[in-house]
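See below for target26.cif, which holds mmCIF, C-alpha atoms.
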data_target
#
loop_
_atom_site.label_atom_id
_atom_site.label_comp_id
_atom_site.auth_asym_id
_atom_site.auth_seq_id
_atom_site.Cartn_x
_atom_site.Cartn_y
_atom_site.Cartn_z
CA ASP A 3 -0.56 8.78 -30.11
CA THR A 4 -2.64 6.13 -28.37
CA ALA A 5 -0.47 4.04 -26.06
CA VAL A 6 -2.39 0.76 -26.13
CA SER A 7 -4.95 0.30 -28.86
CA GLN A 8 -7.41 -2.50 -29.54
CA THR A 9 -9.62 -3.35 -32.47
CA PRO A 10 -12.47 -3.72 -32.78
CA LYS A 11 -14.07 -1.72 -29.98
CA TYR A 12 -17.35 -3.61 -30.30
CA LEU A 13 -17.88 -7.11 -31.62
CA VAL A 14 -21.26 -8.77 -31.95
CA THR A 15 -21.28 -12.28 -33.31
CA GLN A 16 -23.17 -15.54 -33.20
CA MET A 17 -22.38 -18.66 -31.24
CA GLY A 18 -20.01 -20.98 -33.00
CA ASN A 19 -18.17 -18.28 -34.94
CA ASP A 20 -14.43 -17.64 -34.78
CA LYS A 21 -13.22 -14.10 -34.12
CA SER A 22 -10.01 -12.20 -33.42
CA ILE A 23 -9.20 -9.13 -31.39
CA LYS A 24 -6.03 -7.18 -32.12
CA CYS A 25 -3.87 -5.22 -29.71
CA GLU A 26 -0.92 -2.95 -30.31
CA GLN A 27 1.21 -0.88 -27.93
CA ASN A 28 3.60 1.88 -28.90
CA LEU A 29 5.19 2.27 -25.46
CA GLY A 30 8.14 0.04 -26.16
CA HIS A 31 7.02 -2.30 -23.37
CA ASP A 32 8.27 -5.87 -23.12
CA THR A 33 5.17 -7.46 -21.62
CA MET A 34 1.60 -7.62 -22.87
CA TYR A 35 -1.54 -9.11 -21.34
CA TRP A 36 -5.09 -10.12 -22.08
CA TYR A 37 -7.78 -9.72 -19.43
CA LYS A 38 -11.45 -10.62 -19.38
CA GLN A 39 -13.93 -8.48 -17.44
CA ASP A 40 -17.29 -10.15 -17.01
CA SER A 41 -20.70 -8.69 -16.25
CA LYS A 42 -19.86 -8.58 -12.54
CA LYS A 43 -16.89 -6.36 -13.38
CA PHE A 44 -14.40 -8.96 -12.17
CA LEU A 45 -11.14 -8.43 -14.08
CA LYS A 46 -9.27 -11.67 -14.62
CA ILE A 47 -5.95 -12.21 -16.35
CA MET A 48 -5.93 -14.69 -19.22
CA PHE A 49 -2.48 -14.52 -20.77
CA SER A 50 0.77 -12.66 -20.53
CA TYR A 51 3.60 -12.49 -23.05
CA ASN A 52 7.10 -11.16 -22.49
CA ASN A 53 9.10 -10.48 -25.66
CA LYS A 54 6.81 -12.82 -27.60
CA GLU A 55 7.20 -15.60 -25.02
CA LEU A 56 4.17 -16.90 -23.12
CA ILE A 57 4.61 -16.16 -19.41
CA ILE A 58 1.18 -16.48 -17.86
CA ASN A 59 -1.46 -18.86 -19.14
CA GLU A 60 -4.33 -18.99 -16.73
CA THR A 61 -6.98 -21.64 -16.91
CA VAL A 62 -8.92 -20.60 -19.97
CA PRO A 63 -10.54 -22.85 -22.56
CA ASN A 64 -8.18 -23.81 -25.36
CA ARG A 65 -10.63 -22.12 -27.74
CA PHE A 66 -8.70 -18.98 -26.78
CA SER A 67 -5.35 -18.69 -28.48
CA PRO A 68 -3.06 -15.68 -28.12
CA LYS A 69 -0.58 -14.80 -30.83
CA SER A 70 2.31 -12.39 -30.49
CA PRO A 71 3.96 -11.66 -33.86
CA ASP A 72 6.29 -9.16 -32.18
CA LYS A 73 6.58 -7.56 -28.79
CA ALA A 74 4.36 -4.62 -29.79
CA HIS A 75 1.41 -6.82 -30.76
CA LEU A 76 -0.66 -9.41 -28.94
CA ASN A 77 -3.74 -10.72 -30.69
CA LEU A 78 -6.43 -12.95 -29.27
CA HIS A 79 -8.22 -15.50 -31.41
CA ILE A 80 -11.34 -17.19 -30.13
CA ASN A 81 -12.77 -20.30 -31.76
CA SER A 82 -16.31 -21.62 -31.49
CA LEU A 83 -17.63 -18.68 -29.52
CA GLU A 84 -20.05 -19.40 -26.68
CA LEU A 85 -22.58 -17.24 -24.87
CA GLY A 86 -20.35 -17.21 -21.78
CA ASP A 87 -17.57 -15.55 -23.75
CA SER A 88 -19.57 -12.31 -23.76
CA ALA A 89 -17.48 -9.83 -21.80
CA VAL A 90 -15.14 -6.91 -22.18
CA TYR A 91 -11.63 -7.97 -23.15
CA PHE A 92 -8.80 -5.65 -22.19
CA CYS A 93 -5.31 -5.70 -23.54
CA ALA A 94 -2.56 -4.21 -21.38
CA SER A 95 1.19 -3.74 -21.41
CA SER A 96 3.92 -3.13 -18.88
CA GLN A 97 7.59 -2.29 -19.02
CA GLY A 98 8.86 -5.46 -17.38
CA LEU A 99 7.96 -8.98 -16.48
CA ALA A 100 4.54 -9.85 -15.13
CA GLY A 101 4.65 -10.46 -11.42
CA LEU A 102 7.11 -7.69 -10.73
CA SER A 103 6.41 -4.15 -9.67
CA TYR A 104 5.49 -2.63 -13.01
CA GLU A 105 2.31 -0.74 -13.61
CA GLN A 106 0.11 -1.82 -16.47
CA TYR A 107 -1.35 0.37 -19.19
CA PHE A 108 -4.69 -0.80 -20.48
CA GLY A 109 -6.28 -0.51 -23.87
CA PRO A 110 -9.84 0.83 -24.23
CA GLY A 111 -11.36 -2.65 -24.27
CA THR A 112 -13.30 -4.74 -26.77
CA ARG A 113 -16.92 -5.38 -25.84
CA LEU A 114 -17.76 -8.84 -27.17
CA THR A 115 -21.38 -9.93 -27.35
CA VAL A 116 -22.17 -13.47 -28.41
CA THR A 117 -25.77 -14.09 -29.44
CA ARG B 14 -12.08 -17.37 -0.01
CA LYS B 15 -11.02 -15.09 -2.87
CA GLU B 16 -7.33 -14.34 -3.16
CA VAL B 17 -7.99 -10.61 -3.22
CA GLU B 18 -11.12 -9.22 -1.62
CA GLN B 19 -12.69 -5.81 -1.64
CA ASP B 20 -15.92 -4.45 -0.23
CA PRO B 21 -17.96 -3.88 -3.41
CA GLY B 22 -19.73 -0.84 -1.93
CA PRO B 23 -21.16 1.38 -3.13
CA PHE B 24 -19.69 3.97 -0.82
CA ASN B 25 -21.86 7.04 -1.13
CA VAL B 26 -20.25 10.08 0.51
CA PRO B 27 -20.69 13.86 0.29
CA GLU B 28 -18.23 16.04 -1.53
CA GLY B 29 -15.40 17.09 0.73
CA ALA B 30 -15.59 14.00 2.91
CA THR B 31 -12.75 11.62 3.64
CA VAL B 32 -13.29 8.05 2.58
CA ALA B 33 -11.16 4.96 3.01
CA PHE B 34 -11.41 1.40 1.86
CA ASN B 35 -9.33 -1.70 2.24
CA CYS B 36 -8.31 -4.62 0.13
CA THR B 37 -7.27 -7.90 1.74
CA TYR B 38 -5.07 -10.51 0.11
CA SER B 39 -4.52 -14.12 1.07
CA ASN B 40 -1.19 -14.89 -0.64
CA SER B 41 1.59 -13.93 1.74
CA ALA B 42 4.02 -14.15 -1.21
CA SER B 43 2.40 -11.10 -2.82
CA GLN B 44 5.12 -8.59 -3.54
CA SER B 45 3.69 -5.62 -5.38
CA PHE B 46 0.46 -3.78 -4.89
CA PHE B 47 -1.37 -1.12 -6.85
CA TRP B 48 -4.60 0.82 -6.85
CA TYR B 49 -6.31 1.36 -10.19
CA ARG B 50 -9.30 3.49 -10.96
CA GLN B 51 -11.94 2.44 -13.49
CA ASP B 52 -14.64 4.75 -14.73
CA CYS B 53 -17.87 3.35 -16.14
CA ARG B 54 -17.31 1.62 -19.48
CA LYS B 55 -13.65 2.65 -19.52
CA GLU B 56 -10.36 0.89 -19.00
CA PRO B 57 -8.59 0.69 -15.62
CA LYS B 58 -5.95 3.36 -15.08
CA LEU B 59 -3.21 3.36 -12.49
CA LEU B 60 -3.98 5.54 -9.51
CA MET B 61 -0.94 4.75 -7.42
CA SER B 62 1.52 2.09 -6.44
CA VAL B 63 1.52 0.96 -2.82
CA TYR B 64 4.88 1.01 -1.09
CA SER B 65 5.78 -0.73 2.15
CA SER B 66 6.38 2.60 3.86
CA GLY B 67 3.09 4.02 2.63
CA ASN B 68 2.84 6.75 0.05
CA GLU B 69 0.86 9.87 -0.61
CA ASP B 70 -0.08 11.60 -3.84
CA GLY B 71 -2.05 14.76 -3.27
CA ARG B 72 -5.36 13.83 -1.68
CA PHE B 73 -4.66 10.10 -1.97
CA THR B 74 -2.79 7.97 0.55
CA ALA B 75 -2.03 4.30 0.10
CA GLN B 76 -0.77 2.00 2.82
CA LEU B 77 0.32 -1.60 3.09
CA ASN B 78 -0.05 -3.76 6.18
CA ARG B 79 1.86 -6.97 5.54
CA ALA B 80 1.17 -8.43 8.96
CA SER B 81 -2.58 -8.28 8.44
CA GLN B 82 -2.30 -8.68 4.68
CA TYR B 83 -4.25 -5.72 3.46
CA ILE B 84 -3.73 -2.50 1.57
CA SER B 85 -5.75 0.64 2.02
CA LEU B 86 -6.65 3.74 0.07
CA LEU B 87 -7.62 6.99 1.72
CA ILE B 88 -9.13 9.86 -0.23
CA ARG B 89 -9.29 13.25 1.46
CA ASP B 90 -11.45 16.20 0.44
CA SER B 91 -13.30 14.02 -2.07
CA LYS B 92 -14.40 15.54 -5.37
CA LEU B 93 -17.28 14.65 -7.64
CA SER B 94 -14.70 13.48 -10.15
CA ASP B 95 -13.48 10.83 -7.69
CA SER B 96 -16.64 8.82 -8.38
CA ALA B 97 -15.42 5.58 -9.93
CA THR B 98 -14.63 1.97 -9.13
CA TYR B 99 -11.33 1.43 -7.35
CA LEU B 100 -9.51 -1.82 -8.05
CA CYS B 101 -6.67 -3.18 -6.01
CA VAL B 102 -4.22 -5.57 -7.59
CA CYS B 103 -1.60 -7.86 -6.08
CA HIS B 104 1.38 -9.28 -7.92
CA SER B 105 3.00 -12.37 -6.43
CA SER B 106 6.45 -13.78 -7.08
CA ALA B 107 4.87 -16.65 -8.99
CA SER B 108 3.93 -14.27 -11.79
CA LYS B 109 0.35 -14.18 -10.67
CA ILE B 110 -1.58 -10.98 -11.00
CA ILE B 111 -4.83 -10.86 -9.12
CA PHE B 112 -7.29 -7.99 -9.27
CA GLY B 113 -9.92 -7.38 -6.65
CA SER B 114 -13.49 -7.07 -7.84
CA GLY B 115 -13.47 -3.35 -7.08
CA THR B 116 -15.09 -0.90 -4.70
CA ARG B 117 -17.62 1.52 -6.13
CA LEU B 118 -17.37 5.07 -4.87
CA SER B 119 -20.01 7.68 -5.51
CA ILE B 120 -19.48 11.29 -4.42
CA ARG B 121 -22.64 13.34 -4.08
CA PRO B 122 -22.79 17.16 -4.25
#
Could you take the file, read its structure, and then write that structure out as C-alpha coordinates?
Amino acid sequence: DTAVSQTPKYLVTQMGNDKSIKCEQNLGHDTMYWYKQDSKKFLKIMFSYNNKELIINETVPNRFSPKSPDKAHLNLHINSLELGDSAVYFCASSQGLAGLSYEQYFGPGTRLTVT
Amino acid sequence: RKEVEQDPGPFNVPEGATVAFNCTYSNSASQSFFWYRQDCRKEPKLLMSVYSSGNEDGRFTAQLNRASQYISLLIRDSKLSDSATYLCVCHSSASKIIFGSGTRLSIRP
(Lines of atoms letter the chains of each structure in order from A and count residues from 1; the text may use other names and numbers.)
(Lines give C-alpha, C1' and ligand atoms only; values in the text may rest on other atoms or scores of the structure.)
Protein backbone atom coordinates (compact mmCIF):
# COMPACT_ATOMS: atom_id res chain seq x y z
CA ASP A 1 0.00 0.00 0.00
CA THR A 2 2.87 2.32 -0.89
CA ALA A 3 1.62 5.89 -1.25
CA VAL A 4 4.15 7.23 -3.76
CA SER A 5 6.23 4.72 -5.64
CA GLN A 6 9.06 5.16 -8.11
CA THR A 7 10.85 2.81 -10.45
CA PRO A 8 13.62 2.03 -10.76
CA LYS A 9 15.23 2.60 -7.37
CA TYR A 10 18.72 2.57 -8.86
CA LEU A 11 19.73 3.45 -12.39
CA VAL A 12 23.28 3.25 -13.70
CA THR A 13 23.79 4.24 -17.29
CA GLN A 14 26.32 5.72 -19.68
CA MET A 15 26.56 9.25 -20.97
CA GLY A 16 24.45 9.87 -24.03
CA ASN A 17 21.78 7.30 -23.20
CA ASP A 18 18.07 8.05 -22.82
CA LYS A 19 16.28 6.82 -19.70
CA SER A 20 12.92 7.11 -17.97
CA ILE A 21 11.85 7.11 -14.36
CA LYS A 22 8.27 6.26 -13.47
CA CYS A 23 6.20 7.55 -10.57
CA GLU A 24 2.77 6.56 -9.33
CA GLN A 25 0.72 7.76 -6.37
CA ASN A 26 -2.34 6.05 -4.93
CA LEU A 27 -3.35 8.88 -2.61
CA GLY A 28 -5.84 10.43 -4.98
CA HIS A 29 -3.79 13.64 -5.03
CA ASP A 30 -4.19 16.23 -7.76
CA THR A 31 -0.61 17.49 -7.91
CA MET A 32 2.63 15.67 -8.59
CA TYR A 33 6.23 16.87 -8.64
CA TRP A 34 9.73 15.95 -9.67
CA TYR A 35 12.70 17.03 -7.56
CA LYS A 36 16.43 16.62 -8.02
CA GLN A 37 18.70 16.21 -5.00
CA ASP A 38 22.36 16.62 -5.84
CA SER A 39 25.46 15.44 -4.03
CA LYS A 40 25.28 18.46 -1.71
CA LYS A 41 21.81 17.31 -0.66
CA PHE A 42 20.18 20.42 -2.11
CA LEU A 43 16.59 19.51 -3.06
CA LYS A 44 15.38 21.48 -6.06
CA ILE A 45 11.99 21.33 -7.74
CA MET A 46 12.00 20.58 -11.45
CA PHE A 47 8.37 20.20 -12.49
CA SER A 48 4.90 20.17 -11.06
CA TYR A 49 1.70 18.89 -12.65
CA ASN A 50 -1.85 19.48 -11.47
CA ASN A 51 -4.47 17.18 -13.00
CA LYS A 52 -2.12 16.43 -15.90
CA GLU A 53 -1.45 20.14 -16.53
CA LEU A 54 2.07 21.54 -16.20
CA ILE A 55 2.13 24.09 -13.36
CA ILE A 56 5.77 24.56 -12.46
CA ASN A 57 8.58 24.24 -14.96
CA GLU A 58 11.79 25.42 -13.41
CA THR A 59 14.87 26.10 -15.45
CA VAL A 60 15.98 22.63 -16.39
CA PRO A 61 17.55 21.51 -19.66
CA ASN A 62 15.00 20.54 -22.27
CA ARG A 63 16.59 17.08 -22.25
CA PHE A 64 14.25 16.51 -19.31
CA SER A 65 10.65 15.92 -20.33
CA PRO A 66 7.89 15.06 -17.87
CA LYS A 67 4.84 13.13 -18.99
CA SER A 68 1.62 12.76 -17.07
CA PRO A 69 -0.71 10.19 -18.66
CA ASP A 70 -3.18 10.64 -15.80
CA LYS A 71 -3.20 12.40 -12.47
CA ALA A 72 -1.86 9.34 -10.64
CA HIS A 73 1.27 9.08 -12.79
CA LEU A 74 4.12 11.43 -13.58
CA ASN A 75 7.05 10.03 -15.51
CA LEU A 76 10.36 11.69 -16.23
CA HIS A 77 12.23 11.05 -19.45
CA ILE A 78 15.82 12.19 -19.80
CA ASN A 79 17.56 12.36 -23.17
CA SER A 80 21.29 12.39 -23.83
CA LEU A 81 22.29 11.85 -20.22
CA GLU A 82 25.26 13.81 -18.90
CA LEU A 83 27.57 13.27 -15.94
CA GLY A 84 25.95 16.22 -14.15
CA ASP A 85 22.59 14.49 -14.22
CA SER A 86 23.82 12.07 -11.55
CA ALA A 87 21.64 12.69 -8.53
CA VAL A 88 18.71 11.33 -6.60
CA TYR A 89 15.38 12.13 -8.25
CA PHE A 90 12.34 12.28 -5.99
CA CYS A 91 8.76 12.20 -7.08
CA ALA A 92 6.17 13.73 -4.74
CA SER A 93 2.47 14.43 -4.62
CA SER A 94 0.15 16.75 -2.74
CA GLN A 95 -3.57 17.13 -2.39
CA GLY A 96 -3.85 20.58 -3.95
CA LEU A 97 -2.08 23.06 -6.12
CA ALA A 98 1.62 23.70 -5.77
CA GLY A 99 2.29 26.94 -3.97
CA LEU A 100 -0.54 26.51 -1.52
CA SER A 101 -0.42 25.09 1.96
CA TYR A 102 -0.43 21.39 1.16
CA GLU A 103 2.12 18.99 2.47
CA GLN A 104 3.96 16.83 0.00
CA TYR A 105 4.43 13.08 0.13
CA PHE A 106 7.67 11.87 -1.37
CA GLY A 107 8.55 8.67 -3.13
CA PRO A 108 11.63 6.68 -2.09
CA GLY A 109 13.81 8.26 -4.76
CA THR A 110 15.68 7.03 -7.82
CA ARG A 111 19.46 7.15 -7.54
CA LEU A 112 20.76 7.91 -11.03
CA THR A 113 24.44 7.43 -11.78
CA VAL A 114 25.76 8.47 -15.16
CA THR A 115 29.18 7.08 -16.07
CA ARG B 1 21.83 35.28 -1.40
CA LYS B 2 19.84 32.03 -1.43
CA GLU B 3 16.08 32.36 -1.23
CA VAL B 4 15.91 29.97 1.70
CA GLU B 5 18.92 29.56 3.97
CA GLN B 6 19.71 27.15 6.74
CA ASP B 7 22.78 26.58 8.86
CA PRO B 8 24.06 23.26 7.48
CA GLY B 9 25.39 22.17 10.89
CA PRO B 10 26.09 19.58 11.98
CA PHE B 11 24.53 20.24 15.35
CA ASN B 12 25.92 17.64 17.71
CA VAL B 13 24.03 17.57 21.01
CA PRO B 14 23.62 15.09 23.88
CA GLU B 15 20.48 13.08 24.33
CA GLY B 16 17.93 14.96 26.37
CA ALA B 17 19.14 18.39 25.29
CA THR B 18 17.03 21.08 23.69
CA VAL B 19 18.12 22.19 20.26
CA ALA B 20 16.79 24.89 17.97
CA PHE B 21 17.57 26.00 14.48
CA ASN B 22 16.30 28.64 12.15
CA CYS B 23 15.56 28.99 8.50
CA THR B 24 15.53 32.40 6.84
CA TYR B 25 13.67 33.25 3.65
CA SER B 26 14.07 36.23 1.36
CA ASN B 27 10.73 36.25 -0.49
CA SER B 28 8.27 38.27 1.56
CA ALA B 29 5.46 36.77 -0.57
CA SER B 30 6.10 33.34 0.94
CA GLN B 31 2.83 32.04 2.30
CA SER B 32 3.26 28.53 3.61
CA PHE B 33 6.06 26.97 5.54
CA PHE B 34 6.93 23.44 6.54
CA TRP B 35 9.62 21.45 8.27
CA TYR B 36 10.57 18.10 6.74
CA ARG B 37 12.87 15.48 8.12
CA GLN B 38 15.19 13.45 5.91
CA ASP B 39 17.08 10.42 7.12
CA CYS B 40 20.24 9.30 5.35
CA ARG B 41 19.48 7.88 1.90
CA LYS B 42 15.73 8.23 2.47
CA GLU B 43 13.03 10.52 1.20
CA PRO B 44 11.95 13.71 3.02
CA LYS B 45 8.95 13.28 5.30
CA LEU B 46 6.77 16.00 6.71
CA LEU B 47 7.57 16.82 10.31
CA MET B 48 5.18 19.70 10.79
CA SER B 49 3.54 22.65 9.15
CA VAL B 50 4.41 26.10 10.49
CA TYR B 51 1.47 28.29 11.38
CA SER B 52 1.54 32.04 11.95
CA SER B 53 0.56 31.58 15.58
CA GLY B 54 3.22 28.93 16.15
CA ASN B 55 2.44 25.30 16.72
CA GLU B 56 3.56 22.45 18.89
CA ASP B 57 3.54 18.71 18.32
CA GLY B 58 4.87 16.79 21.28
CA ARG B 59 8.53 17.67 21.72
CA PHE B 60 8.59 19.80 18.57
CA THR B 61 7.68 23.47 18.33
CA ALA B 62 7.64 25.47 15.12
CA GLN B 63 7.38 29.23 14.90
CA LEU B 64 7.14 31.81 12.17
CA ASN B 65 8.49 35.35 12.39
CA ARG B 66 7.21 37.22 9.35
CA ALA B 67 8.78 40.52 10.35
CA SER B 68 12.27 39.03 10.38
CA GLN B 69 11.42 36.44 7.73
CA TYR B 70 12.46 33.27 9.43
CA ILE B 71 10.95 30.08 10.77
CA SER B 72 12.32 28.07 13.63
CA LEU B 73 12.20 24.53 14.93
CA LEU B 74 12.73 23.66 18.57
CA ILE B 75 13.25 20.09 19.72
CA ARG B 76 12.98 19.38 23.43
CA ASP B 77 14.26 16.31 25.25
CA SER B 78 16.06 15.14 22.11
CA LYS B 79 16.22 11.43 21.35
CA LEU B 80 18.78 9.44 19.42
CA SER B 81 16.11 8.88 16.80
CA ASP B 82 15.92 12.63 16.16
CA SER B 83 19.27 12.42 14.34
CA ALA B 84 18.49 13.43 10.77
CA THR B 85 18.63 16.35 8.37
CA TYR B 86 15.88 18.92 8.85
CA LEU B 87 14.69 20.75 5.75
CA CYS B 88 12.60 23.87 5.75
CA VAL B 89 10.47 24.68 2.75
CA CYS B 90 8.70 27.87 1.73
CA HIS B 91 5.80 28.07 -0.70
CA SER B 92 5.15 31.45 -2.31
CA SER B 93 2.02 32.68 -4.03
CA ALA B 94 3.81 32.46 -7.36
CA SER B 95 3.73 28.68 -7.16
CA LYS B 96 7.34 28.53 -6.18
CA ILE B 97 8.47 25.90 -3.75
CA ILE B 98 11.90 26.42 -2.30
CA PHE B 99 13.64 23.98 0.01
CA GLY B 100 16.50 24.95 2.25
CA SER B 101 19.66 22.89 1.98
CA GLY B 102 18.99 21.33 5.38
CA THR B 103 20.45 21.31 8.86
CA ARG B 104 22.13 18.13 10.04
CA LEU B 105 21.37 17.11 13.59
CA SER B 106 23.25 14.40 15.41
CA ILE B 107 22.17 13.28 18.89
CA ARG B 108 24.84 11.51 20.90
CA PRO B 109 24.15 9.12 23.81
What is the CA of Val90 (chain A) to CA of Asn59 (chain A) distance in Å?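 Interatomic distance, CA of Val90 (chain A) to CA of Asn59 (chain A): 18.4 Å.
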On this structure, which residues satisfy the PyMOL selection byres ((chain A) within 9 of (chain B)), written as a PyMOL selection string? chain A and resi 42-47+57-58+92+99-111
Those selected residues, please, written with C-alpha atoms and delivered as a short mmCIF file (atom, residue, chain, number, x, y, z; two decimals), keeping the file's coordinate frame.
data_model
loop_
_atom_site.label_atom_id
_atom_site.label_comp_id
_atom_site.auth_asym_id
_atom_site.auth_seq_id
_atom_site.Cartn_x
_atom_site.Cartn_y
_atom_site.Cartn_z
CA LYS A 42 -19.86 -8.58 -12.54
CA LYS A 43 -16.89 -6.36 -13.38
CA PHE A 44 -14.40 -8.96 -12.17
CA LEU A 45 -11.14 -8.43 -14.08
CA LYS A 46 -9.27 -11.67 -14.62
CA ILE A 47 -5.95 -12.21 -16.35
CA ILE A 57 4.61 -16.16 -19.41
CA ILE A 58 1.18 -16.48 -17.86
CA PHE A 92 -8.80 -5.65 -22.19
CA LEU A 99 7.96 -8.98 -16.48
CA ALA A 100 4.54 -9.85 -15.13
CA GLY A 101 4.65 -10.46 -11.42
CA LEU A 102 7.11 -7.69 -10.73
CA SER A 103 6.41 -4.15 -9.67
CA TYR A 104 5.49 -2.63 -13.01
CA GLU A 105 2.31 -0.74 -13.61
CA GLN A 106 0.11 -1.82 -16.47
CA TYR A 107 -1.35 0.37 -19.19
CA PHE A 108 -4.69 -0.80 -20.48
CA GLY A 109 -6.28 -0.51 -23.87
CA PRO A 110 -9.84 0.83 -24.23
CA GLY A 111 -11.36 -2.65 -24.27
#
Using all atoms listed in the file, determine which residues lie at most 10 Å from Gln19 (chain B), disregarding the query and same-chain residues fewer than 3 positions distant; provide the list as a list of chain:residue names. B:Lys15, B:Gly22, B:Phe34, B:Asn35, B:Cys36, B:Thr37, B:Tyr38, B:Tyr83, B:Tyr99, B:Leu100, B:Cys101, B:Phe112, B:Gly113, B:Ser114, B:Gly115, B:Thr116, B:Arg117
Requested write-out: C-alpha atoms of the selected residues, as an mmCIF file, in the frame of the given file:
data_model
loop_
_atom_site.group_PDB
_atom_site.id
_atom_site.type_symbol
_atom_site.label_atom_id
_atom_site.label_comp_id
_atom_site.auth_asym_id
_atom_site.auth_seq_id
_atom_site.Cartn_x
_atom_site.Cartn_y
_atom_site.Cartn_z
ATOM 1 C CA LYS B 15 -11.020 -15.090 -2.870
ATOM 2 C CA GLY B 22 -19.730 -0.840 -1.930
ATOM 3 C CA PHE B 34 -11.410 1.400 1.860
ATOM 4 C CA ASN B 35 -9.330 -1.700 2.240
ATOM 5 C CA CYS B 36 -8.310 -4.620 0.130
ATOM 6 C CA THR B 37 -7.270 -7.900 1.740
ATOM 7 C CA TYR B 38 -5.070 -10.510 0.110
ATOM 8 C CA TYR B 83 -4.250 -5.720 3.460
ATOM 9 C CA TYR B 99 -11.330 1.430 -7.350
ATOM 10 C CA LEU B 100 -9.510 -1.820 -8.050
ATOM 11 C CA CYS B 101 -6.670 -3.180 -6.010
ATOM 12 C CA PHE B 112 -7.290 -7.990 -9.270
ATOM 13 C CA GLY B 113 -9.920 -7.380 -6.650
ATOM 14 C CA SER B 114 -13.490 -7.070 -7.840
ATOM 15 C CA GLY B 115 -13.470 -3.350 -7.080
ATOM 16 C CA THR B 116 -15.090 -0.900 -4.700
ATOM 17 C CA ARG B 117 -17.620 1.520 -6.130
#
List every protein, DNA or RNA residue with an atom no more than 10 Å from (2.4, -10.7, -26.7) in the file's coordinates, counting all atoms listed in the file, and format the result as a PyMOL selection string. chain A and resi 25-27+32-36+49-57+68-78+93-95
Can you tell me which residues surround Asn64 (chain A) at a distance of at most 12 Å, considering all atoms listed in the file, apart from same-chain residues fewer than 2 positions away, and format the answer as an NGL selection string? :A and (48-49 or 59-62 or 66-68 or 78-83)
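CA of Asp95 (chain B) is positioned 10.3 Å from CA of Gln51 (chain B).
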Reference answer for the PyMOL selection byres ((chain B and resi 81) around 10), as a PDB file with C-alpha atoms, keeping the file's coordinate frame:
ATOM      1  CA  THR B  37      -7.270  -7.900   1.740  1.00  0.00           C
ATOM      2  CA  TYR B  38      -5.070 -10.510   0.110  1.00  0.00           C
ATOM      3  CA  SER B  39      -4.520 -14.120   1.070  1.00  0.00           C
ATOM      4  CA  SER B  41       1.590 -13.930   1.740  1.00  0.00           C
ATOM      5  CA  LEU B  77       0.320  -1.600   3.090  1.00  0.00           C
ATOM      6  CA  ASN B  78      -0.050  -3.760   6.180  1.00  0.00           C
ATOM      7  CA  ARG B  79       1.860  -6.970   5.540  1.00  0.00           C
ATOM      8  CA  ALA B  80       1.170  -8.430   8.960  1.00  0.00           C
ATOM      9  CA  GLN B  82      -2.300  -8.680   4.680  1.00  0.00           C
ATOM     10  CA  TYR B  83      -4.250  -5.720   3.460  1.00  0.00           C
ATOM     11  CA  ILE B  84      -3.730  -2.500   1.570  1.00  0.00           C
TER      12      ILE B  84
END
Using CA of Asn25 (chain B) and CA of Ser85 (chain B) as the two end points, give the distance in Å to one decimal.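 So the two atoms, CA of Asn25 (chain B) and CA of Ser85 (chain B), lie 17.6 Å apart.
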Missing atoms in region 53-77 of chain B should be modelled up to N, CA and C atoms and reported as a short mmCIF file (atom, residue, chain, number, x, y, z; two decimals), in the frame of the given file.
data_model
loop_
_atom_site.label_atom_id
_atom_site.label_comp_id
_atom_site.auth_asym_id
_atom_site.auth_seq_id
_atom_site.Cartn_x
_atom_site.Cartn_y
_atom_site.Cartn_z
N CYS B 53 -16.86 4.18 -15.48
CA CYS B 53 -17.87 3.35 -16.14
C CYS B 53 -17.57 3.19 -17.62
N ARG B 54 -17.51 1.96 -18.08
CA ARG B 54 -17.31 1.62 -19.48
C ARG B 54 -15.96 2.12 -20.02
N LYS B 55 -15.00 2.25 -19.11
CA LYS B 55 -13.65 2.65 -19.52
C LYS B 55 -12.64 1.62 -19.03
N GLU B 56 -11.40 1.79 -19.45
CA GLU B 56 -10.36 0.89 -19.00
C GLU B 56 -9.82 1.29 -17.63
N PRO B 57 -9.25 0.34 -16.89
CA PRO B 57 -8.59 0.69 -15.62
C PRO B 57 -7.36 1.57 -15.89
N LYS B 58 -7.14 2.51 -14.98
CA LYS B 58 -5.95 3.36 -15.08
C LYS B 58 -5.27 3.41 -13.71
N LEU B 59 -3.95 3.38 -13.75
CA LEU B 59 -3.21 3.36 -12.49
C LEU B 59 -3.49 4.62 -11.69
N LEU B 60 -3.83 4.43 -10.43
CA LEU B 60 -3.98 5.54 -9.51
C LEU B 60 -2.68 5.75 -8.75
N MET B 61 -2.21 4.67 -8.12
CA MET B 61 -0.94 4.75 -7.42
C MET B 61 -0.42 3.37 -7.06
N SER B 62 0.89 3.29 -6.97
CA SER B 62 1.52 2.09 -6.44
C SER B 62 1.43 2.16 -4.92
N VAL B 63 1.58 1.01 -4.28
CA VAL B 63 1.52 0.96 -2.82
C VAL B 63 2.88 0.49 -2.31
N TYR B 64 3.55 1.35 -1.60
CA TYR B 64 4.88 1.01 -1.09
C TYR B 64 4.79 0.57 0.37
N SER B 65 5.79 -0.19 0.78
CA SER B 65 5.78 -0.73 2.15
C SER B 65 5.70 0.37 3.20
N SER B 66 6.33 1.50 2.90
CA SER B 66 6.38 2.60 3.86
C SER B 66 5.15 3.50 3.76
N GLY B 67 4.25 3.16 2.85
CA GLY B 67 3.09 4.02 2.63
C GLY B 67 3.47 5.16 1.71
N ASN B 68 2.54 5.65 0.94
CA ASN B 68 2.84 6.75 0.05
C ASN B 68 1.61 7.62 -0.16
N GLU B 69 1.91 8.87 -0.49
CA GLU B 69 0.86 9.87 -0.61
C GLU B 69 1.02 10.56 -1.96
N ASP B 70 -0.11 10.85 -2.59
CA ASP B 70 -0.08 11.60 -3.84
C ASP B 70 -1.26 12.56 -3.81
N GLY B 71 -0.98 13.79 -3.40
CA GLY B 71 -2.05 14.76 -3.27
C GLY B 71 -3.06 14.35 -2.22
N ARG B 72 -4.30 14.19 -2.63
CA ARG B 72 -5.36 13.83 -1.68
C ARG B 72 -5.43 12.33 -1.40
N PHE B 73 -4.60 11.56 -2.06
CA PHE B 73 -4.66 10.10 -1.97
C PHE B 73 -3.49 9.56 -1.15
N THR B 74 -3.82 8.64 -0.25
CA THR B 74 -2.79 7.97 0.55
C THR B 74 -3.01 6.48 0.48
N ALA B 75 -1.96 5.75 0.16
CA ALA B 75 -2.03 4.30 0.10
C ALA B 75 -1.13 3.72 1.17
N GLN B 76 -1.59 2.64 1.80
CA GLN B 76 -0.77 2.00 2.82
C GLN B 76 -0.84 0.50 2.67
N LEU B 77 0.22 -0.14 3.13
CA LEU B 77 0.32 -1.60 3.09
C LEU B 77 0.54 -2.11 4.50
#
